[in-house]
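Participant: Contents of entry.tsv (TSV, N, CA and C atoms) are below:
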```tsv
chain	number	residue	atom	x	y	z
A	20	MET	N	228.69	109.28	58.71
A	20	MET	CA	227.36	108.95	59.18
A	20	MET	C	226.51	108.51	57.99
A	21	ILE	N	225.83	107.40	58.12
A	21	ILE	CA	224.99	106.88	57.06
A	21	ILE	C	223.57	107.37	57.28
A	22	LYS	N	223.01	108.00	56.25
A	22	LYS	CA	221.64	108.49	56.34
A	22	LYS	C	220.67	107.39	55.97
A	23	ASN	N	219.57	107.38	56.67
A	23	ASN	CA	218.48	106.47	56.36
A	23	ASN	C	217.90	106.87	55.00
A	24	LYS	N	217.68	105.89	54.11
A	24	LYS	CA	217.16	106.19	52.79
A	24	LYS	C	215.81	106.90	52.87
A	25	GLN	N	214.96	106.46	53.81
A	25	GLN	CA	213.63	107.07	53.98
A	25	GLN	C	213.77	108.55	54.35
A	26	SER	N	214.63	108.88	55.30
A	26	SER	CA	214.74	110.26	55.74
A	26	SER	C	215.36	111.16	54.68
A	27	SER	N	216.16	110.59	53.77
A	27	SER	CA	216.74	111.41	52.72
A	27	SER	C	215.69	111.81	51.68
A	28	ASN	N	214.58	111.07	51.61
A	28	ASN	CA	213.48	111.40	50.70
A	28	ASN	C	212.49	112.35	51.33
A	29	MET	N	212.69	112.66	52.58
A	29	MET	CA	211.77	113.51	53.32
A	29	MET	C	212.23	114.97	53.21
A	30	LEU	N	211.27	115.87	53.33
A	30	LEU	CA	211.55	117.30	53.24
A	30	LEU	C	211.54	117.92	54.63
A	31	THR	N	212.38	118.91	54.83
A	31	THR	CA	212.46	119.61	56.11
A	31	THR	C	211.35	120.66	56.20
A	32	VAL	N	211.17	121.19	57.39
A	32	VAL	CA	210.19	122.26	57.61
A	32	VAL	C	210.52	123.45	56.71
A	33	ARG	N	211.76	123.82	56.63
A	33	ARG	CA	212.16	124.96	55.81
A	33	ARG	C	211.88	124.71	54.33
A	34	GLU	N	212.21	123.52	53.84
A	34	GLU	CA	211.98	123.20	52.43
A	34	GLU	C	210.49	123.27	52.08
A	35	VAL	N	209.66	122.69	52.94
A	35	VAL	CA	208.21	122.69	52.67
A	35	VAL	C	207.64	124.09	52.80
A	36	SER	N	208.11	124.86	53.77
A	36	SER	CA	207.59	126.22	53.92
A	36	SER	C	207.92	127.06	52.68
A	37	GLU	N	209.07	126.82	52.07
A	37	GLU	CA	209.42	127.53	50.84
A	37	GLU	C	208.55	127.07	49.67
A	38	ILE	N	208.25	125.78	49.60
A	38	ILE	CA	207.40	125.25	48.53
A	38	ILE	C	205.99	125.83	48.64
A	39	LEU	N	205.46	125.88	49.86
A	39	LEU	CA	204.08	126.32	50.08
A	39	LEU	C	203.96	127.83	50.29
A	40	HIS	N	205.09	128.51	50.40
A	40	HIS	CA	205.11	129.96	50.63
A	40	HIS	C	204.38	130.33	51.92
A	41	VAL	N	204.69	129.60	52.99
A	41	VAL	CA	204.15	129.91	54.31
A	41	VAL	C	205.30	129.97	55.30
A	42	HIS	N	205.06	130.60	56.42
A	42	HIS	CA	206.07	130.69	57.47
A	42	HIS	C	206.28	129.30	58.09
A	43	THR	N	207.47	129.05	58.58
A	43	THR	CA	207.76	127.76	59.19
A	43	THR	C	206.85	127.48	60.38
A	44	ASN	N	206.49	128.50	61.14
A	44	ASN	CA	205.58	128.30	62.28
A	44	ASN	C	204.17	127.92	61.82
A	45	THR	N	203.75	128.45	60.68
A	45	THR	CA	202.46	128.06	60.11
A	45	THR	C	202.48	126.58	59.77
A	46	LEU	N	203.55	126.14	59.17
A	46	LEU	CA	203.69	124.73	58.81
A	46	LEU	C	203.68	123.84	60.05
A	47	ARG	N	204.36	124.26	61.09
A	47	ARG	CA	204.36	123.50	62.35
A	47	ARG	C	202.95	123.44	62.95
A	48	ARG	N	202.22	124.55	62.88
A	48	ARG	CA	200.85	124.58	63.39
A	48	ARG	C	199.96	123.64	62.57
A	49	TRP	N	200.11	123.65	61.23
A	49	TRP	CA	199.35	122.74	60.38
A	49	TRP	C	199.64	121.30	60.75
A	50	SER	N	200.89	121.03	61.07
A	50	SER	CA	201.28	119.67	61.48
A	50	SER	C	200.59	119.31	62.80
A	51	ASP	N	200.62	120.21	63.75
A	51	ASP	CA	199.99	119.98	65.05
A	51	ASP	C	198.48	119.78	64.93
A	52	LEU	N	197.86	120.49	63.97
A	52	LEU	CA	196.41	120.40	63.76
A	52	LEU	C	196.01	119.22	62.88
A	53	GLY	N	197.00	118.55	62.30
A	53	GLY	CA	196.70	117.41	61.45
A	53	GLY	C	196.36	117.78	60.01
A	54	ILE	N	196.58	119.02	59.65
A	54	ILE	CA	196.32	119.46	58.27
A	54	ILE	C	197.32	118.85	57.32
A	55	LEU	N	198.55	118.73	57.79
A	55	LEU	CA	199.62	118.14	57.00
A	55	LEU	C	200.39	117.17	57.89
A	56	LYS	N	200.52	115.95	57.43
A	56	LYS	CA	201.18	114.89	58.21
A	56	LYS	C	202.68	115.15	58.28
A	57	ALA	N	203.19	115.15	59.50
A	57	ALA	CA	204.63	115.27	59.73
A	57	ALA	C	205.13	113.98	60.37
A	58	TYR	N	206.33	113.62	60.05
A	58	TYR	CA	206.97	112.43	60.62
A	58	TYR	C	208.10	112.92	61.49
A	59	ARG	N	208.13	112.48	62.73
A	59	ARG	CA	209.17	112.90	63.67
A	59	ARG	C	210.36	111.97	63.55
A	60	ILE	N	211.54	112.57	63.47
A	60	ILE	CA	212.77	111.77	63.36
A	60	ILE	C	213.79	112.24	64.38
A	61	GLY	N	214.69	111.34	64.71
A	61	GLY	CA	215.81	111.67	65.58
A	61	GLY	C	215.40	111.92	67.01
A	62	PRO	N	216.40	112.09	67.87
A	62	PRO	CA	216.12	112.28	69.30
A	62	PRO	C	215.44	113.61	69.62
A	63	ARG	N	215.62	114.61	68.75
A	63	ARG	CA	214.97	115.91	68.98
A	63	ARG	C	213.53	115.94	68.47
A	64	GLY	N	213.16	114.94	67.68
A	64	GLY	CA	211.80	114.90	67.14
A	64	GLY	C	211.58	115.89	66.02
A	65	ASP	N	212.63	116.12	65.23
A	65	ASP	CA	212.50	117.04	64.09
A	65	ASP	C	211.41	116.55	63.15
A	66	ARG	N	210.69	117.50	62.56
A	66	ARG	CA	209.63	117.15	61.62
A	66	ARG	C	210.19	116.96	60.22
A	67	ARG	N	209.65	115.96	59.54
A	67	ARG	CA	209.94	115.76	58.12
A	67	ARG	C	208.62	115.48	57.42
A	68	PHE	N	208.56	115.82	56.15
A	68	PHE	CA	207.34	115.69	55.38
A	68	PHE	C	207.62	114.91	54.10
A	69	LYS	N	206.62	114.13	53.69
A	69	LYS	CA	206.74	113.39	52.44
A	69	LYS	C	206.24	114.26	51.29
A	70	GLN	N	206.93	114.18	50.15
A	70	GLN	CA	206.55	114.96	48.99
A	70	GLN	C	205.11	114.64	48.56
A	71	GLU	N	204.73	113.36	48.63
A	71	GLU	CA	203.38	112.99	48.20
A	71	GLU	C	202.30	113.61	49.10
A	72	ASP	N	202.62	113.82	50.38
A	72	ASP	CA	201.67	114.49	51.27
A	72	ASP	C	201.52	115.96	50.88
A	73	ILE	N	202.61	116.58	50.48
A	73	ILE	CA	202.58	117.98	50.03
A	73	ILE	C	201.75	118.07	48.75
A	74	ASP	N	201.99	117.14	47.82
A	74	ASP	CA	201.25	117.12	46.56
A	74	ASP	C	199.76	116.95	46.80
A	75	THR	N	199.40	116.07	47.73
A	75	THR	CA	197.99	115.83	48.06
A	75	THR	C	197.35	117.09	48.63
A	76	LEU	N	198.06	117.77	49.52
A	76	LEU	CA	197.55	119.01	50.10
A	76	LEU	C	197.32	120.05	49.01
A	77	LEU	N	198.29	120.22	48.12
A	77	LEU	CA	198.17	121.20	47.05
A	77	LEU	C	197.01	120.86	46.11
A	78	LEU	N	196.85	119.60	45.79
A	78	LEU	CA	195.75	119.18	44.92
A	78	LEU	C	194.41	119.46	45.58
A	79	HIS	N	194.31	119.12	46.85
A	79	HIS	CA	193.07	119.35	47.60
A	79	HIS	C	192.74	120.84	47.66
A	80	GLU	N	193.73	121.66	47.96
A	80	GLU	CA	193.52	123.10	48.06
A	80	GLU	C	193.18	123.71	46.71
A	81	THR	N	193.79	123.20	45.64
A	81	THR	CA	193.49	123.70	44.30
A	81	THR	C	192.05	123.39	43.93
A	82	LYS	N	191.58	122.18	44.24
A	82	LYS	CA	190.18	121.82	43.97
A	82	LYS	C	189.24	122.71	44.76
A	83	ASN	N	189.54	122.95	46.03
A	83	ASN	CA	188.69	123.81	46.86
A	83	ASN	C	188.68	125.24	46.34
A	84	ALA	N	189.83	125.74	45.93
A	84	ALA	CA	189.91	127.10	45.43
A	84	ALA	C	189.09	127.25	44.15
A	85	THR	N	189.15	126.26	43.28
A	85	THR	CA	188.38	126.29	42.04
A	85	THR	C	186.90	126.25	42.34
A	86	GLN	N	186.50	125.40	43.26
A	86	GLN	CA	185.09	125.30	43.64
A	86	GLN	C	184.61	126.60	44.28
A	87	ASN	N	185.41	127.14	45.18
A	87	ASN	CA	185.03	128.38	45.85
A	87	ASN	C	184.96	129.54	44.87
A	88	LYS	N	185.84	129.54	43.87
A	88	LYS	CA	185.82	130.61	42.87
A	88	LYS	C	184.53	130.57	42.08
A	89	SER	N	184.09	129.39	41.67
A	89	SER	CA	182.85	129.31	40.90
A	89	SER	C	181.66	129.74	41.75
A	90	GLU	N	181.66	129.39	43.05
A	90	GLU	CA	180.60	129.84	43.94
A	90	GLU	C	180.68	131.35	44.13
A	91	PHE	N	181.91	131.88	44.21
A	91	PHE	CA	182.12	133.31	44.38
A	91	PHE	C	181.60	134.07	43.17
A	92	ASP	N	181.87	133.55	41.97
A	92	ASP	CA	181.42	134.20	40.74
A	92	ASP	C	179.90	134.28	40.66
A	93	LYS	N	179.21	133.31	41.26
A	93	LYS	CA	177.75	133.26	41.21
A	93	LYS	C	177.11	134.21	42.22
A	94	SER	N	177.84	134.57	43.26
A	94	SER	CA	177.26	135.43	44.29
A	94	SER	C	177.29	136.89	43.85
A	95	THR	N	176.39	137.66	44.45
A	95	THR	CA	176.35	139.09	44.15
A	95	THR	C	177.36	139.82	45.02
A	96	SER	N	177.67	141.03	44.64
A	96	SER	CA	178.63	141.81	45.44
A	96	SER	C	178.09	142.08	46.83
A	97	THR	N	176.78	142.27	46.96
A	97	THR	CA	176.17	142.50	48.28
A	97	THR	C	176.35	141.28	49.17
A	98	GLU	N	176.16	140.07	48.59
A	98	GLU	CA	176.35	138.84	49.37
A	98	GLU	C	177.81	138.72	49.81
A	99	ARG	N	178.74	139.06	48.92
A	99	ARG	CA	180.16	138.96	49.27
A	99	ARG	C	180.53	139.93	50.37
A	100	ILE	N	179.99	141.14	50.31
A	100	ILE	CA	180.27	142.14	51.36
A	100	ILE	C	179.70	141.65	52.68
A	101	SER	N	178.49	141.10	52.66
A	101	SER	CA	177.87	140.59	53.88
A	101	SER	C	178.69	139.45	54.48
A	102	GLU	N	179.14	138.53	53.62
A	102	GLU	CA	179.96	137.41	54.09
A	102	GLU	C	181.25	137.92	54.72
A	103	TYR	N	181.87	138.90	54.08
A	103	TYR	CA	183.12	139.46	54.61
A	103	TYR	C	182.87	140.11	55.97
A	104	ALA	N	181.80	140.89	56.07
A	104	ALA	CA	181.50	141.58	57.33
A	104	ALA	C	181.20	140.58	58.44
A	105	MET	N	180.50	139.51	58.12
A	105	MET	CA	180.16	138.51	59.13
A	105	MET	C	181.40	137.73	59.58
A	106	SER	N	182.40	137.64	58.73
A	106	SER	CA	183.60	136.88	59.10
A	106	SER	C	184.51	137.66	60.03
A	107	ARG	N	184.29	138.92	60.16
A	107	ARG	CA	185.14	139.78	61.01
A	107	ARG	C	184.70	139.78	62.42
```
What is this file in C-alpha cells?
Facilitator:
Amino acid sequence: MIKNKQSSNMLTVREVSEILHVHTNTLRRWSDLGILKAYRIGPRGDRRFKQEDIDTLLLHETKNATQNKSEFDKSTSTERISEYAMSR
C-alpha cells in the first residue's frame, strides 16, 4: 500500500495527545470546537493534525500564559481568591 506523502507528515490523535499531555478525548473535543484544526482522512474519517498547527497552538498558549502570569503577579491575594471563588 502506498501512503500519501501528505498523510505521512500528519500526526495521529495519539501522537498529538502525547505531545500536548492531554487525553485523546480532550484533543477530539478541541478539534470539534475548532481550537485545533484536524484533517479527516480515509473512509472512517480519522483525524490527523499538522505539526505547524500544533506549534501555533503551543506558541499562542505560551504567550497567553506569560501574559496571564504578569497580570496574576500584579493582583493581590484577595483579588485572586475572589476570582477563584467566582469561577466555581
Participant: Which is closer to Thr45 in chain A than all the others in A:Arg33, A:Lys82, A:Arg63, A:Lys69, using only C-alpha atoms?
Facilitator: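 The answer is A:Arg33, which sits nearest to Thr45 in chain A.
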Participant: Measure the distance from CA of Glu80 in chain A to CA of Gly64 in chain A in Å and round it to one decimal.
Facilitator: 27.7 Å
Participant: What's the separation between CA of Ile60 in chain A and CA of Thr81 in chain A, in Å to one decimal place?
Facilitator: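 According to the coordinates, CA of Ile60 in chain A and CA of Thr81 in chain A are separated by 29.6 Å.
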Participant: For Leu77 in chain A, which residue out of A:Ile54, A:Arg47, A:Thr31, A:Pro62 is the nearest one, using only C-alpha atoms?
Facilitator: A:Ile54
Participant: Interatomic distance between atom N of Val32 in chain A and CA of Ser50 in chain A?
Facilitator: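 For atom N of Val32 in chain A relative to CA of Ser50 in chain A, the distance reads 10.8 Å.
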Participant: Mind dumping range 32-65 of chain A from that block, keeping N, CA and C atoms, as a PDB file, in the first residue's frame?
Facilitator:
```pdb
ATOM      1  N   VAL A  32      -4.070  11.299  16.460  1.00  0.00           N
ATOM      2  CA  VAL A  32      -4.646  11.780  17.714  1.00  0.00           C
ATOM      3  C   VAL A  32      -3.755  11.363  18.882  1.00  0.00           C
ATOM      4  N   ARG A  33      -3.319  10.140  18.889  1.00  0.00           N
ATOM      5  CA  ARG A  33      -2.478   9.647  19.986  1.00  0.00           C
ATOM      6  C   ARG A  33      -1.149  10.396  20.049  1.00  0.00           C
ATOM      7  N   GLU A  34      -0.514  10.606  18.904  1.00  0.00           N
ATOM      8  CA  GLU A  34       0.770  11.314  18.882  1.00  0.00           C
ATOM      9  C   GLU A  34       0.632  12.739  19.423  1.00  0.00           C
ATOM     10  N   VAL A  35      -0.406  13.432  18.982  1.00  0.00           N
ATOM     11  CA  VAL A  35      -0.604  14.821  19.427  1.00  0.00           C
ATOM     12  C   VAL A  35      -0.983  14.864  20.903  1.00  0.00           C
ATOM     13  N   SER A  36      -1.802  13.921  21.349  1.00  0.00           N
ATOM     14  CA  SER A  36      -2.187  13.912  22.762  1.00  0.00           C
ATOM     15  C   SER A  36      -0.960  13.695  23.650  1.00  0.00           C
ATOM     16  N   GLU A  37       0.000  12.905  23.184  1.00  0.00           N
ATOM     17  CA  GLU A  37       1.235  12.706  23.942  1.00  0.00           C
ATOM     18  C   GLU A  37       2.098  13.970  23.932  1.00  0.00           C
ATOM     19  N   ILE A  38       2.145  14.664  22.806  1.00  0.00           N
ATOM     20  CA  ILE A  38       2.919  15.901  22.708  1.00  0.00           C
ATOM     21  C   ILE A  38       2.345  16.963  23.648  1.00  0.00           C
ATOM     22  N   LEU A  39       1.018  17.090  23.658  1.00  0.00           N
ATOM     23  CA  LEU A  39       0.355  18.138  24.437  1.00  0.00           C
ATOM     24  C   LEU A  39       0.030  17.711  25.867  1.00  0.00           C
ATOM     25  N   HIS A  40       0.240  16.439  26.173  1.00  0.00           N
ATOM     26  CA  HIS A  40      -0.062  15.901  27.504  1.00  0.00           C
ATOM     27  C   HIS A  40      -1.534  16.085  27.867  1.00  0.00           C
ATOM     28  N   VAL A  41      -2.400  15.733  26.922  1.00  0.00           N
ATOM     29  CA  VAL A  41      -3.845  15.761  27.169  1.00  0.00           C
ATOM     30  C   VAL A  41      -4.428  14.419  26.748  1.00  0.00           C
ATOM     31  N   HIS A  42      -5.601  14.126  27.245  1.00  0.00           N
ATOM     32  CA  HIS A  42      -6.286  12.885  26.882  1.00  0.00           C
ATOM     33  C   HIS A  42      -6.732  12.963  25.422  1.00  0.00           C
ATOM     34  N   THR A  43      -6.801  11.828  24.769  1.00  0.00           N
ATOM     35  CA  THR A  43      -7.218  11.802  23.371  1.00  0.00           C
ATOM     36  C   THR A  43      -8.616  12.388  23.186  1.00  0.00           C
ATOM     37  N   ASN A  44      -9.508  12.175  24.144  1.00  0.00           N
ATOM     38  CA  ASN A  44     -10.859  12.740  24.035  1.00  0.00           C
ATOM     39  C   ASN A  44     -10.839  14.267  24.147  1.00  0.00           C
ATOM     40  N   THR A  45      -9.918  14.801  24.936  1.00  0.00           N
ATOM     41  CA  THR A  45      -9.762  16.255  25.023  1.00  0.00           C
ATOM     42  C   THR A  45      -9.349  16.801  23.675  1.00  0.00           C
ATOM     43  N   LEU A  46      -8.423  16.139  23.036  1.00  0.00           N
ATOM     44  CA  LEU A  46      -7.955  16.559  21.721  1.00  0.00           C
ATOM     45  C   LEU A  46      -9.088  16.500  20.694  1.00  0.00           C
ATOM     46  N   ARG A  47      -9.881  15.457  20.743  1.00  0.00           N
ATOM     47  CA  ARG A  47     -11.034  15.348  19.833  1.00  0.00           C
ATOM     48  C   ARG A  47     -12.035  16.482  20.080  1.00  0.00           C
ATOM     49  N   ARG A  48     -12.261  16.807  21.351  1.00  0.00           N
ATOM     50  CA  ARG A  48     -13.181  17.895  21.691  1.00  0.00           C
ATOM     51  C   ARG A  48     -12.625  19.230  21.174  1.00  0.00           C
ATOM     52  N   TRP A  49     -11.308  19.467  21.351  1.00  0.00           N
ATOM     53  CA  TRP A  49     -10.685  20.687  20.835  1.00  0.00           C
ATOM     54  C   TRP A  49     -10.862  20.773  19.326  1.00  0.00           C
ATOM     55  N   SER A  50     -10.761  19.636  18.666  1.00  0.00           N
ATOM     56  CA  SER A  50     -10.949  19.603  17.215  1.00  0.00           C
ATOM     57  C   SER A  50     -12.393  19.969  16.867  1.00  0.00           C
ATOM     58  N   ASP A  51     -13.339  19.387  17.570  1.00  0.00           N
ATOM     59  CA  ASP A  51     -14.756  19.672  17.326  1.00  0.00           C
ATOM     60  C   ASP A  51     -15.097  21.137  17.588  1.00  0.00           C
ATOM     61  N   LEU A  52     -14.428  21.746  18.579  1.00  0.00           N
ATOM     62  CA  LEU A  52     -14.679  23.142  18.942  1.00  0.00           C
ATOM     63  C   LEU A  52     -13.901  24.127  18.070  1.00  0.00           C
ATOM     64  N   GLY A  53     -13.000  23.608  17.244  1.00  0.00           N
ATOM     65  CA  GLY A  53     -12.218  24.480  16.378  1.00  0.00           C
ATOM     66  C   GLY A  53     -10.990  25.071  17.043  1.00  0.00           C
ATOM     67  N   ILE A  54     -10.643  24.580  18.214  1.00  0.00           N
ATOM     68  CA  ILE A  54      -9.447  25.061  18.910  1.00  0.00           C
ATOM     69  C   ILE A  54      -8.197  24.609  18.186  1.00  0.00           C
ATOM     70  N   LEU A  55      -8.247  23.402  17.654  1.00  0.00           N
ATOM     71  CA  LEU A  55      -7.132  22.841  16.909  1.00  0.00           C
ATOM     72  C   LEU A  55      -7.678  22.203  15.635  1.00  0.00           C
ATOM     73  N   LYS A  56      -7.134  22.601  14.513  1.00  0.00           N
ATOM     74  CA  LYS A  56      -7.602  22.122  13.205  1.00  0.00           C
ATOM     75  C   LYS A  56      -7.221  20.657  13.015  1.00  0.00           C
ATOM     76  N   ALA A  57      -8.216  19.855  12.683  1.00  0.00           N
ATOM     77  CA  ALA A  57      -7.990  18.442  12.355  1.00  0.00           C
ATOM     78  C   ALA A  57      -8.368  18.224  10.897  1.00  0.00           C
ATOM     79  N   TYR A  58      -7.671  17.340  10.267  1.00  0.00           N
ATOM     80  CA  TYR A  58      -7.938  16.977   8.872  1.00  0.00           C
ATOM     81  C   TYR A  58      -8.439  15.550   8.881  1.00  0.00           C
ATOM     82  N   ARG A  59      -9.576  15.318   8.267  1.00  0.00           N
ATOM     83  CA  ARG A  59     -10.170  13.980   8.229  1.00  0.00           C
ATOM     84  C   ARG A  59      -9.634  13.228   7.024  1.00  0.00           C
ATOM     85  N   ILE A  60      -9.218  11.995   7.268  1.00  0.00           N
ATOM     86  CA  ILE A  60      -8.685  11.165   6.182  1.00  0.00           C
ATOM     87  C   ILE A  60      -9.365   9.806   6.181  1.00  0.00           C
ATOM     88  N   GLY A  61      -9.341   9.181   5.028  1.00  0.00           N
ATOM     89  CA  GLY A  61      -9.841   7.818   4.885  1.00  0.00           C
ATOM     90  C   GLY A  61     -11.340   7.713   5.021  1.00  0.00           C
ATOM     91  N   PRO A  62     -11.851   6.514   4.768  1.00  0.00           N
ATOM     92  CA  PRO A  62     -13.303   6.300   4.808  1.00  0.00           C
ATOM     93  C   PRO A  62     -13.893   6.410   6.216  1.00  0.00           C
ATOM     94  N   ARG A  63     -13.072   6.177   7.248  1.00  0.00           N
ATOM     95  CA  ARG A  63     -13.568   6.286   8.625  1.00  0.00           C
ATOM     96  C   ARG A  63     -13.540   7.725   9.135  1.00  0.00           C
ATOM     97  N   GLY A  64     -12.847   8.594   8.414  1.00  0.00           N
ATOM     98  CA  GLY A  64     -12.755   9.989   8.844  1.00  0.00           C
ATOM     99  C   GLY A  64     -11.818  10.191  10.014  1.00  0.00           C
ATOM    100  N   ASP A  65     -10.753   9.387  10.058  1.00  0.00           N
ATOM    101  CA  ASP A  65      -9.770   9.533  11.131  1.00  0.00           C
ATOM    102  C   ASP A  65      -9.187  10.937  11.125  1.00  0.00           C
TER     103      ASP A  65
END
```
